[in-house]
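Trainee: This structure is in structure tokens; I'll ask about it shortly.
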Amino acid sequence: MKHLPLYTLFLFAFLLNSSGLVAQKSDNEENIIDLSKRFHLWIYGKQKFTDITFNDEINKQTLTYASNDPFNIGMGFNWRFIRIGIALNFKFINNDDQIYGDTKRLDLQMNAFGNRSVFDLTFLFYKSYYLRNMEDVFPGWESGDPYYIRGDMAMASFGMAYTYIFNHKRFSYKAAFVSNAIQKRSAGSFFLGGKFNFTSLVSDSSMFPKNSDFATFDPINELNRNSLSLVFGYAYNVILPKYFYFSPSLALTPSVGILRYDSYLHSPYRNSIPGVGLVPRMAFGYNGLAYFAGVSMNTTVLSVDSKDDNIPGINWQNGNVRIFVGKRF
């Protein structure tokens with residue numbers, strides 16, 4: 001992965017700080033088997049992503065900037081409270097910088113799953129985006145034509161969330177997303193928590209391309225949003241025969257916060273605006289006593305209406321998809 005030394009340093013620190021959550025003991029061995037004292041070795045592939053979408057509600061159009069996200073391959077291990085994984089970006093797999101631009105990134109996403117609670121911590125910095133839906137913004141664009149690339153556009157985001165699991169004696173988030181526990185029977189749980197997030201998007205000039213319908217909006221070159229959110233939802237682990245499982249989860253995150261944007265045409269605009277968000281999670285795979293394998297997905301979506309006719313609504317989305325296989329010792 002790009003910027004590997006700094007990424008590895010922060011990742012190691014974050015994972016050590018999550019020890020209080022990951023090391024919790026199981027409350028009920030009849031329903032959940034805690035395997036955190038065993039050494040787990042795994043290899044995995046991971047793709048992270050971050051998108052910013054502007055919504056023109058009047059003309060029913062969208063403009064989506066996406067980062068050029070490589071598929072990274074690596075390995076890691078779990079043992080007691082320690083969980084470390086390192087993945088690298090191999091250029092022979094991800095050789096498309098000339099098409100979508102060369103996105104520089106520092107992407108730290110930690111999801112610490114305990115028996116009773118989940119703690120999420122993210123720090124993101126992405127620079128260089130390309131316009132993903134070219135055909136919607138420029139009707140004459142055809143497949144094979146160059147993409148509109150904004151190497152000057154940068155996004156920084158910091159967020160943290162805490163979630164309490166009510167039915168923790170029968171339901172285990174760790175069994176599906178960390179694989180250091182085994183849930184014996186199908187069960188689910190409601191959960192409740194809170195979240196803080198700050199996101200900033202900046203560019204050297206207007207974020208809206210010339211010669212497009214979005215050029216009629218104010219030439220915005222900076223956007224900031226900080227918010228507090230309530231987190232509530234439901235998760236369920238479907239336990240199938242032979243140690244297979246399927247685990248969907250969905251959280252709603254209504255929020256209140258401050259939206260600020262800078263334009264070349266007037267002084268900075270600032271307003272208190274509510275938002276609505278979703279945090280879908282999904283995992284499925286095999287979770288046996290000796291081996292485990294699966295696919296997991298974590299996504300965070302935030303939607304904000306600017307409440308101003310001179311600027312479109314905004315959606316932020318970030319997350320990751322992970323494929324893994326491992327062995328317990």
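Ligands are numbered from 1 in the order shown, residues from 1 within each chain, and chains are lettered A, B, ... in the order they appear in the structure tokens.
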As a ChimeraX atom specification, please: every residue in segment 200-278 of chain A that DSSP puts in strand (DSSP E or B).
Mentor: /A:200-202,220-239,244-252,255-263,269-278
Trainee: Identify, on the basis of only C-alpha atoms, every residue whose closest approach to Leu252 of chain A does not exceed 12 Å; exclude the query and any residue fewer than 3 positions from it along the same chain; express the result as a PyMOL selection string.
Mentor: chain A and resi 163+190-195+229-235+249+255+275-281+300-303
Trainee: Quick one: write out the picked residues with C-alpha atoms as a short mmCIF file (atom, residue, chain, number, x, y, z; two decimals), in the first residue's frame?
Mentor:
data_model
loop_
_atom_site.label_atom_id
_atom_site.label_comp_id
_atom_site.auth_asym_id
_atom_site.auth_seq_id
_atom_site.Cartn_x
_atom_site.Cartn_y
_atom_site.Cartn_z
CA THR A 163 -21.89 0.71 19.60
CA PHE A 190 -30.26 -4.74 18.43
CA PHE A 191 -27.47 -2.24 19.03
CA LEU A 192 -27.23 1.41 20.02
CA GLY A 193 -24.41 3.92 20.08
CA GLY A 194 -23.03 7.26 18.93
CA LYS A 195 -20.64 8.64 16.34
CA SER A 229 -24.81 10.99 15.03
CA LEU A 230 -27.01 8.50 16.82
CA VAL A 231 -26.29 4.90 15.77
CA PHE A 232 -29.00 2.25 16.05
CA GLY A 233 -29.79 -0.91 14.14
CA TYR A 234 -29.89 -4.68 14.08
CA ALA A 235 -27.47 -7.49 13.19
CA SER A 249 -26.02 -5.86 9.72
CA SER A 255 -27.00 13.34 12.56
CA GLY A 275 -28.02 14.58 7.81
CA VAL A 276 -28.90 10.93 7.44
CA GLY A 277 -26.50 8.01 7.17
CA LEU A 278 -26.28 4.26 6.84
CA VAL A 279 -23.66 1.78 8.03
CA PRO A 280 -24.25 -1.55 6.28
CA ARG A 281 -22.01 -4.49 7.18
CA THR A 300 -20.32 4.21 5.82
CA VAL A 301 -22.66 6.53 3.91
CA LEU A 302 -23.60 10.11 4.86
CA SER A 303 -26.10 12.25 2.95
#
Trainee: Which polymer residues have any atom within 6 Å of an atom of segment 129-140 of chain A, counting only C-alpha atoms, with same-chain residues fewer than 2 positions away left out, as a PDB file with C-alpha atoms, in the first residue's frame?
Mentor:
ATOM      1  CA  THR A  64     -19.446  11.427  -8.483  1.00  0.00           C
ATOM      2  CA  TYR A  65     -15.738  11.788  -7.764  1.00  0.00           C
ATOM      3  CA  ALA A  66     -14.016   8.492  -6.956  1.00  0.00           C
ATOM      4  CA  SER A  67     -10.506   7.654  -5.839  1.00  0.00           C
ATOM      5  CA  TYR A 100      -7.948   7.036 -13.396  1.00  0.00           C
ATOM      6  CA  TYR A 148     -11.855  13.996 -16.060  1.00  0.00           C
ATOM      7  CA  ILE A 149      -9.147  13.819 -13.376  1.00  0.00           C
ATOM      8  CA  ARG A 150      -8.733  16.255 -10.470  1.00  0.00           C
TER       9      ARG A 150
END
Trainee: Find the residues around segment 209-222 of chain A up to 10 Å (only C-alpha atoms counted), leave out those fewer than 6 positions away in its own chain, and share them as a short mmCIF file (atom, residue, chain, number, x, y, z; two decimals) with C-alpha atoms, in the first residue's frame.
Mentor:
data_model
loop_
_atom_site.label_atom_id
_atom_site.label_comp_id
_atom_site.auth_asym_id
_atom_site.auth_seq_id
_atom_site.Cartn_x
_atom_site.Cartn_y
_atom_site.Cartn_z
CA PHE A 54 -22.93 15.93 -5.61
CA ASN A 55 -26.70 15.76 -6.20
CA ASP A 56 -28.54 18.27 -8.38
CA ASN A 59 -32.21 18.61 -12.75
CA GLN A 61 -28.32 14.72 -12.00
CA THR A 62 -25.34 13.45 -10.01
CA LEU A 63 -21.60 14.09 -10.17
CA LEU A 131 -15.09 11.71 -12.39
CA ASP A 136 -23.97 11.54 -17.03
CA VAL A 137 -22.04 14.81 -16.72
CA PHE A 138 -20.73 14.98 -20.31
CA PRO A 139 -23.36 13.41 -22.63
CA TYR A 148 -11.86 14.00 -16.06
CA ARG A 150 -8.73 16.25 -10.47
CA MET A 153 -8.73 17.59 -5.07
CA ALA A 154 -8.07 16.26 -1.57
CA MET A 155 -10.33 14.79 1.12
CA SER A 200 -13.13 18.24 4.64
CA LEU A 201 -12.89 18.44 0.84
CA VAL A 202 -10.63 21.03 -0.83
CA SER A 203 -9.46 21.84 -4.36
CA ARG A 260 -19.43 25.13 5.69
CA TYR A 261 -18.33 25.86 2.16
CA ASP A 262 -16.11 28.50 0.52
CA SER A 263 -16.85 30.04 -2.86
CA TYR A 264 -15.01 32.54 -5.02
CA LEU A 265 -18.20 34.58 -5.31
CA HIS A 266 -18.98 35.36 -1.67
CA PRO A 268 -17.85 31.47 3.49
CA ASP A 309 -30.08 26.46 -4.24
CA ASN A 310 -26.55 27.58 -5.13
CA ILE A 311 -24.90 24.34 -4.05
CA PRO A 312 -25.98 20.72 -4.65
#
Trainee: If we count only C-alpha atoms, what is near segment 107-112 of chain A at a cut-off of 6 Å, once residues fewer than 6 positions away on the same chain are taken out, given as a list in words?
Mentor: Ser18, Val118, Phe119, Asp120, Leu121, Thr122, Phe123 and Leu124 of chain A
Trainee: For the structure I just gave you, how does DSSP split segment 31-147 of chain A - specifically, which residues are helix (DSSP H, G or I)? Reply as a ChimeraX atom specification.
Mentor: /A:97-100,134-137
Trainee: Go through A:Asn89, A:Asn95, A:Ser117, A:Ser179 and flag the residue nearest Leu41 of chain A, using only C-alpha atoms for the distances.
Mentor: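 Ranking A:Asn89, A:Asn95, A:Ser117, A:Ser179 by distance to Leu41 of chain A, first place goes to A:Ser179.
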